[in-house]
Amino acid sequence: MTPAAAKPPHHGGKDQTTSVTVLGTSDLHGYIENWDYFKDGEYDDAASNDVGLAKISTLVDTVRADRGSASTLLIDAGDTIQGTSLTDYFANTEPITETGEIHPMAAAMNAMDYDAAALGNHEFNYGLDLLRKFESQLDFPLLGANAVDATSSKPAFTPYIIKTVKTKGNKPVKVGILGLTNPGVAIWDKNNVDGKLKFPGIVEQAQKYVPQMKARGADVVVVSAHSGTSGTSSYGPELPLENASTQLAETVPGIDAVLVGHAHQEIPERFVTNKVTGDQVLLTEPLNWGMRLSVMDFELKKVRGQWDVVSASASLLNANTVKADPEISKLVAEQHQRVIDYVNTPIGTATESMPAAESRYRDTAVMDFVGSVQASAVDRALDGGPNADLPVLSLVAPFSRTAEIPAGPVTIRDLAGLYVFPNTLFGVEMTGAQIKEYLEYSAKYFVQTAPGAPVDPATLTNADGTPDYNYDMMSGVDYDIDISRPVGERIVNLSFNGAPVDPAQRFAVATNNYRQSGGGNFPHISTAPVLVNQQTEIRQLLIDYVVAQGTVDPADFAENNWRLVRGGVPVFD
C-alpha cells in the first residue's frame with residue numbers, strides 16, 4: 001500500500017473503486033458480559049470502561065449495518081480463553097474436555113460470525129487438549145503461522161486464510177488474514193508445549209507466508225499478531241522478539257495492516273513505513289477485555305484488472321457507548337450464572353481482613369498467606385526424598401492491588417481475585433548467592449529515593465515500567481531493601497535463622513511456572529535444578545488450604561521478614 005496522501009482513491013465510478021472493512025478485537029480474556037467476577041458486580045474502572053463480547057457484538061452489528069455485512073470481516077488477535085473465573089471454570093471445574101459442553105467463548109464468537117482468530121500465548125495455559133477441544137468447537141479457524149510441530153516443523157495450526165469479499169457489479173476482493181502468536185509461549189507454557197510445539201519468530205514466519213498469500217491472489221493482507229509494538233521482550237535473547245509488530249510492518253513487504261494484540265494498549269491508528277517498499281502499513285490495537293473494537297477501512301482501486309489498496313484508515317469504537325447484545329447475553333446466561341454461583345460459594349472463614357493494597361511496598365499478611373501455602377506444598381512434595389532437609393523459601397508477586405481476603409466468610413471468588421493467573425507450582429534449588437542476586441534483580445522495581453526525600457507510594461514502584469507481577473518478594477529469609485542505593489546494591493542484612501545467609505547454602509525455592517520458565521527474565525531461576533513440578537494451580541492450593549483448615553488466621557503464617565529502608569531507617573512504620 002502506498003502512502004494515503006500520495007495516492008488518494010479514485011472515485012471515477014463503482015467499477016473503479018471499492019472498499020472493505022476489517023473489524024478487530026484482541027485480548028478478550030474470557031470477558032463476555034460487562035461483569036467482574038472478582039467483585040461480583042458490573043465491571044467498572046476509573047475511565048468508565050465497559051468490557052465484554054456482548055457489547056462488542058452490538059458495535060459489530062452497527063458497523064456491518066453501515067458498511068454492509070458482505071464487505072465486512074471480523075477477526076481477533078488472541079488471548080481468548082484465559083483471564084476470568086468464567087474461563088477457569090470451563091477449563092478446571094467443569095472442563096469442556098470432559099463434559100463436551102460448548103465453551104461460552106466459542107458460543108459467543110460463533111454467534112458473532114468471526115472469520116478468524118489468532119492464537120494468543122494464554123491460549124496454551126490450560127494445555128493442548130483443552131485448546132484443541134476449543135478449536136474444534138469454533139466455526140472459524142484459529143490461526144498460528146508460527147506455532148509448528150516440534151519434530152516436523154510443519155504447521156500445527158492454520159497459518160492463514162483468504163476470504164472472498166463480494167463487491168457490487170465487480171470482481172470480488174480477496175482478503176488474506178495471517179495469524180501469528182507469541183514466541184514467549186515456549187517459555188511461559190513450557191510444561192504444556194515442550195517437545196510438542198515450537199514457536200519461530202513472528203517476522204520470519206510472515207516473510208515466509210505473506211508471499212504465499214499474495215501468490216494466491218490476496219488483494220489485501222492483514223496480519224493478526226499477538227505481539228505488541230514496543231520492540232522489547234520480557235525474556236532474554238534465547239527466543240525471538242516478543243513485541244514485534246512494528247518490526248513486522250517495517251521489514252515484511254506486502255502487508256497492508258496489522259491488528260496488534262498482547263500489550264493491552266490502545267492504538268487507534270498508527271502508520272509504519274515499510275523499509276523495503278516505502279509503503280505505509282496501518283497498525284491498530286483495540287483495548288483489552290472487549291473495551292474497544294478496531295475498525296479498519298481499506299479503499300481499493302482497480303489497477304490492470306487487479307485490486308490495489310490505495311488507502312487505509314483505522315479507528316476505535318468504545319464498548320461503553322452501547323448496550324449488550326441480548327442474543328449474546330441469552331446464549332451464555334446459564335453458564336454465566338453458574339460461574340457466579342460457584343465463585344460465591346463460601347469455603348471458610350478469615351479471622352480478620354487481609355487487603356493486598358500495600359503489598360507491593362510493604363510486607364502484608366495476604367502475601368504471606370500465598371507464600372506459606374506454596375512453601376508448605378513444596379515441603380510436602382520433598383518429604384521422604386533426598387532433598388527433604390532443604391530449607392524451603394517462597395516467592396510471591398503482588399498480582400492485584402484491589403484483592404482482599406475479607407474478615408468473615410471466604411469465597412472462591414476472594415481467592416481467585418487474589419491469585420488471578422492459572423500458574424502452577426514449582427520448587428527449584430538455589431544457593432544463597434543466587435538468592436541474593438535474584439532479590440537484587442527484583443528490587444529494581446523501586447525508584448531510587450534519597451534519604452529524607454518524600455516518599456509517595458503511588459510513584460515509588462514500577463521503575464522503568466516494571467509491572468507489579470514482575471516484582472517478587474521472598475519469605476523464609478529476612479532482608480532489607482535500601483531504596484536509596486542504586487540497583488544491584490539494595491539487598492542488605494540478608495539472613496536465615498538469625499545468621500547471614502551463606503552464599504553456598506542450598507535452598508528449595510517455591511515459585512510458579514511462569515517465573516521458573518523465565519518469565520520476567522530473573523537470574524538463575526530458569527536454569528535452577530527442578531525439585532518439584534506439581535502441575536497444580538497455586539490458586540487451587542489456596543482454595544484447598546481454606547477448605548482443609550476452615551479458617552484463615554494470620555497468626556498461622558504472617559511474618560514481617562522484609563522491609564524498605566534508607567540507610568537502615570524504615571521507609572514505612
# chains A, B, ... in the order shown; residues from 1 in each chain; ligands from 1
>>> select_by_dssp(residues="region 83-329 of chain A", states="helix (DSSP H, G or I)", output="PyMOL selection string")
chain A and resi 85-93+96-99+104-111+121-124+128-137+185-188+190-193+202-215+245-251+319-321+326-329
>>> residues_around(residues="Thr232 (chain A)", least_positions_apart="2", cutoff="9 Å", atoms="only C-alpha atoms", output="compact mmCIF listing (two decimals) with all heavy atoms, in the first residue's frame")
# COMPACT_ATOMS: atom_id res chain seq x y z
N GLY A 228 3.01 -7.03 20.74
CA GLY A 228 2.94 -5.59 20.88
C GLY A 228 3.87 -4.87 19.91
O GLY A 228 4.54 -5.47 19.08
N THR A 229 3.92 -3.54 20.05
CA THR A 229 4.66 -2.71 19.10
C THR A 229 5.99 -2.19 19.64
O THR A 229 6.72 -1.51 18.93
CB THR A 229 3.82 -1.48 18.71
OG1 THR A 229 3.52 -0.71 19.89
CG2 THR A 229 2.52 -1.89 18.04
N SER A 230 6.33 -2.50 20.88
CA SER A 230 7.45 -1.83 21.55
C SER A 230 8.83 -2.28 21.10
O SER A 230 9.82 -1.61 21.37
CB SER A 230 7.34 -2.03 23.07
OG SER A 230 7.53 -3.40 23.40
N SER A 234 10.12 -9.51 27.39
CA SER A 234 10.19 -9.68 28.84
C SER A 234 11.13 -10.82 29.21
O SER A 234 11.30 -11.11 30.39
CB SER A 234 8.79 -9.95 29.41
OG SER A 234 8.27 -11.17 28.90
N TYR A 235 11.69 -11.46 28.20
CA TYR A 235 12.65 -12.53 28.44
C TYR A 235 13.96 -12.16 27.74
O TYR A 235 14.07 -11.11 27.09
CB TYR A 235 12.12 -13.86 27.92
CG TYR A 235 11.40 -13.79 26.60
CD1 TYR A 235 12.09 -13.65 25.40
CD2 TYR A 235 10.00 -13.86 26.54
CE1 TYR A 235 11.44 -13.58 24.20
CE2 TYR A 235 9.33 -13.78 25.33
CZ TYR A 235 10.05 -13.65 24.16
OH TYR A 235 9.39 -13.57 22.96
N LEU A 241 11.80 -12.14 19.18
CA LEU A 241 11.25 -10.94 19.80
C LEU A 241 9.79 -11.11 20.21
O LEU A 241 8.98 -11.64 19.45
CB LEU A 241 11.38 -9.77 18.82
CG LEU A 241 11.07 -8.37 19.33
CD1 LEU A 241 12.01 -7.97 20.46
CD2 LEU A 241 11.19 -7.37 18.16
N GLU A 242 9.49 -10.63 21.43
CA GLU A 242 8.12 -10.75 21.97
C GLU A 242 7.18 -9.73 21.32
O GLU A 242 6.12 -10.09 20.81
CB GLU A 242 8.15 -10.54 23.49
CG GLU A 242 6.77 -10.56 24.13
CD GLU A 242 6.82 -10.31 25.63
OE1 GLU A 242 7.94 -10.27 26.20
OE2 GLU A 242 5.76 -10.15 26.24
N ASN A 243 7.55 -8.45 21.37
CA ASN A 243 6.67 -7.38 20.88
C ASN A 243 7.20 -6.88 19.54
O ASN A 243 7.92 -5.89 19.48
CB ASN A 243 6.57 -6.27 21.91
CG ASN A 243 5.86 -6.74 23.17
OD1 ASN A 243 4.70 -7.14 23.13
ND2 ASN A 243 6.56 -6.72 24.30
N ALA A 244 6.81 -7.59 18.48
CA ALA A 244 7.47 -7.43 17.19
C ALA A 244 6.58 -6.84 16.10
O ALA A 244 6.96 -6.85 14.92
CB ALA A 244 8.00 -8.80 16.71
>>> atom_distance(atom1="CA of Asp129 (chain A)", atom2="CA of Ile75 (chain A)")
23.4 Å
>>> closest_residue(among="A:Lys214, A:Arg485, A:Arg539, A:Lys275", to="Arg413 (chain A)", atoms="only C-alpha atoms")
A:Arg539
>>> residues_around(residues="Ile340 (chain A)", least_positions_apart="3", cutoff="10 Å", atoms="only C-alpha atoms", output="number ranges by chain")
A: 35-38, 40-41, 85-86, 334-337, 343-345, 413
>>> residues_around(residues="Asn497 (chain A)", least_positions_apart="6", cutoff="9 Å", atoms="only C-alpha atoms", output="PyMOL selection string")
chain A and resi 476-478
>>> closest_residue(among="A:Val420, A:Ala263, A:Val221, A:Val185", to="Asn288 (chain A)", atoms="only C-alpha atoms")
A:Ala263
>>> residues_around(residues="Gln448 (chain A)", least_positions_apart="3", cutoff="9 Å", atoms="only C-alpha atoms", output="mmCIF file with all heavy atoms, in the first residue's frame")
data_model
loop_
_atom_site.group_PDB
_atom_site.id
_atom_site.type_symbol
_atom_site.label_atom_id
_atom_site.label_comp_id
_atom_site.auth_asym_id
_atom_site.auth_seq_id
_atom_site.Cartn_x
_atom_site.Cartn_y
_atom_site.Cartn_z
ATOM 1 N N LYS A 444 14.927 -3.857 41.642
ATOM 2 C CA LYS A 444 14.985 -2.766 40.665
ATOM 3 C C LYS A 444 13.602 -2.169 40.420
ATOM 4 O O LYS A 444 13.469 -1.110 39.795
ATOM 5 C CB LYS A 444 15.590 -3.255 39.354
ATOM 6 C CG LYS A 444 14.719 -4.204 38.542
ATOM 7 C CD LYS A 444 15.467 -4.705 37.302
ATOM 8 C CE LYS A 444 14.638 -5.693 36.500
ATOM 9 N NZ LYS A 444 13.450 -5.093 35.863
ATOM 10 N N LEU A 460 6.529 5.294 43.866
ATOM 11 C CA LEU A 460 7.718 4.622 44.392
ATOM 12 C C LEU A 460 8.059 3.359 43.612
ATOM 13 O O LEU A 460 9.219 2.958 43.540
ATOM 14 C CB LEU A 460 7.497 4.277 45.871
ATOM 15 C CG LEU A 460 8.597 3.487 46.591
ATOM 16 C CD1 LEU A 460 9.881 4.314 46.659
ATOM 17 C CD2 LEU A 460 8.122 3.094 47.993
ATOM 18 N N ALA A 463 9.496 1.073 38.631
ATOM 19 C CA ALA A 463 10.623 1.757 37.985
ATOM 20 C C ALA A 463 10.897 1.149 36.610
ATOM 21 O O ALA A 463 10.859 -0.074 36.434
ATOM 22 C CB ALA A 463 11.863 1.670 38.868
ATOM 23 N N ASP A 482 17.220 -1.389 50.522
ATOM 24 C CA ASP A 482 17.588 0.015 50.699
ATOM 25 C C ASP A 482 17.346 0.758 49.389
ATOM 26 O O ASP A 482 18.146 0.677 48.450
ATOM 27 C CB ASP A 482 19.052 0.142 51.116
ATOM 28 C CG ASP A 482 19.404 1.550 51.584
ATOM 29 O OD1 ASP A 482 18.762 2.506 51.089
ATOM 30 O OD2 ASP A 482 20.293 1.689 52.442
ATOM 31 N N ILE A 483 16.231 1.493 49.340
ATOM 32 C CA ILE A 483 15.833 2.146 48.091
ATOM 33 C C ILE A 483 16.638 3.418 47.813
ATOM 34 O O ILE A 483 16.479 4.030 46.754
ATOM 35 C CB ILE A 483 14.325 2.468 48.081
ATOM 36 C CG1 ILE A 483 13.955 3.411 49.234
ATOM 37 C CG2 ILE A 483 13.510 1.182 48.120
ATOM 38 C CD1 ILE A 483 12.526 3.908 49.155
ATOM 39 N N SER A 484 17.499 3.811 48.759
ATOM 40 C CA SER A 484 18.367 4.961 48.490
ATOM 41 C C SER A 484 19.600 4.557 47.702
ATOM 42 O O SER A 484 20.316 5.417 47.188
ATOM 43 C CB SER A 484 18.792 5.626 49.805
ATOM 44 O OG SER A 484 19.691 4.803 50.530
ATOM 45 N N ARG A 485 19.818 3.263 47.575
ATOM 46 C CA ARG A 485 21.018 2.766 46.908
ATOM 47 C C ARG A 485 20.709 2.409 45.455
ATOM 48 O O ARG A 485 19.547 2.175 45.085
ATOM 49 C CB ARG A 485 21.576 1.561 47.659
ATOM 50 C CG ARG A 485 21.925 1.903 49.102
ATOM 51 C CD ARG A 485 22.337 0.697 49.920
ATOM 52 N NE ARG A 485 23.633 0.169 49.498
ATOM 53 C CZ ARG A 485 24.367 -0.652 50.238
ATOM 54 N NH1 ARG A 485 23.941 -1.032 51.450
ATOM 55 N NH2 ARG A 485 25.521 -1.093 49.805
ATOM 56 N N PRO A 486 21.727 2.352 44.604
ATOM 57 C CA PRO A 486 21.493 2.027 43.188
ATOM 58 C C PRO A 486 21.075 0.572 42.997
ATOM 59 O O PRO A 486 21.300 -0.277 43.867
ATOM 60 C CB PRO A 486 22.842 2.308 42.529
ATOM 61 C CG PRO A 486 23.845 2.213 43.633
ATOM 62 C CD PRO A 486 23.139 2.668 44.871
ATOM 63 N N VAL A 487 20.466 0.303 41.855
ATOM 64 C CA VAL A 487 20.063 -1.063 41.508
ATOM 65 C C VAL A 487 21.278 -1.977 41.554
ATOM 66 O O VAL A 487 22.357 -1.630 41.073
ATOM 67 C CB VAL A 487 19.429 -1.080 40.099
ATOM 68 C CG1 VAL A 487 19.228 -2.512 39.629
ATOM 69 C CG2 VAL A 487 18.115 -0.322 40.105
#
>>> residues_around(residues="region 500-509 of chain A", least_positions_apart="6", cutoff="6 Å", atoms="only C-alpha atoms", output="ChimeraX atom specification")
/A:390-394,427-433,494
>>> write_last_selection(atoms="C-alpha atoms", output="PDB file, in the first residue's frame")
ATOM      1  CA  LEU A 390      16.469 -28.377  52.405  1.00  0.00           C
ATOM      2  CA  PRO A 391      15.016 -25.186  53.928  1.00  0.00           C
ATOM      3  CA  VAL A 392      12.044 -24.035  51.825  1.00  0.00           C
ATOM      4  CA  LEU A 393      11.748 -20.393  50.783  1.00  0.00           C
ATOM      5  CA  SER A 394       8.855 -18.966  48.784  1.00  0.00           C
ATOM      6  CA  GLY A 427      10.139 -25.937  43.511  1.00  0.00           C
ATOM      7  CA  VAL A 428      13.725 -25.280  42.423  1.00  0.00           C
ATOM      8  CA  GLU A 429      17.117 -25.436  44.104  1.00  0.00           C
ATOM      9  CA  MET A 430      19.062 -22.200  44.542  1.00  0.00           C
ATOM     10  CA  THR A 431      22.111 -21.187  46.539  1.00  0.00           C
ATOM     11  CA  GLY A 432      22.382 -18.322  48.975  1.00  0.00           C
ATOM     12  CA  ALA A 433      24.457 -16.363  46.455  1.00  0.00           C
ATOM     13  CA  LEU A 494      20.019 -10.925  54.227  1.00  0.00           C
TER      14      LEU A 494
END
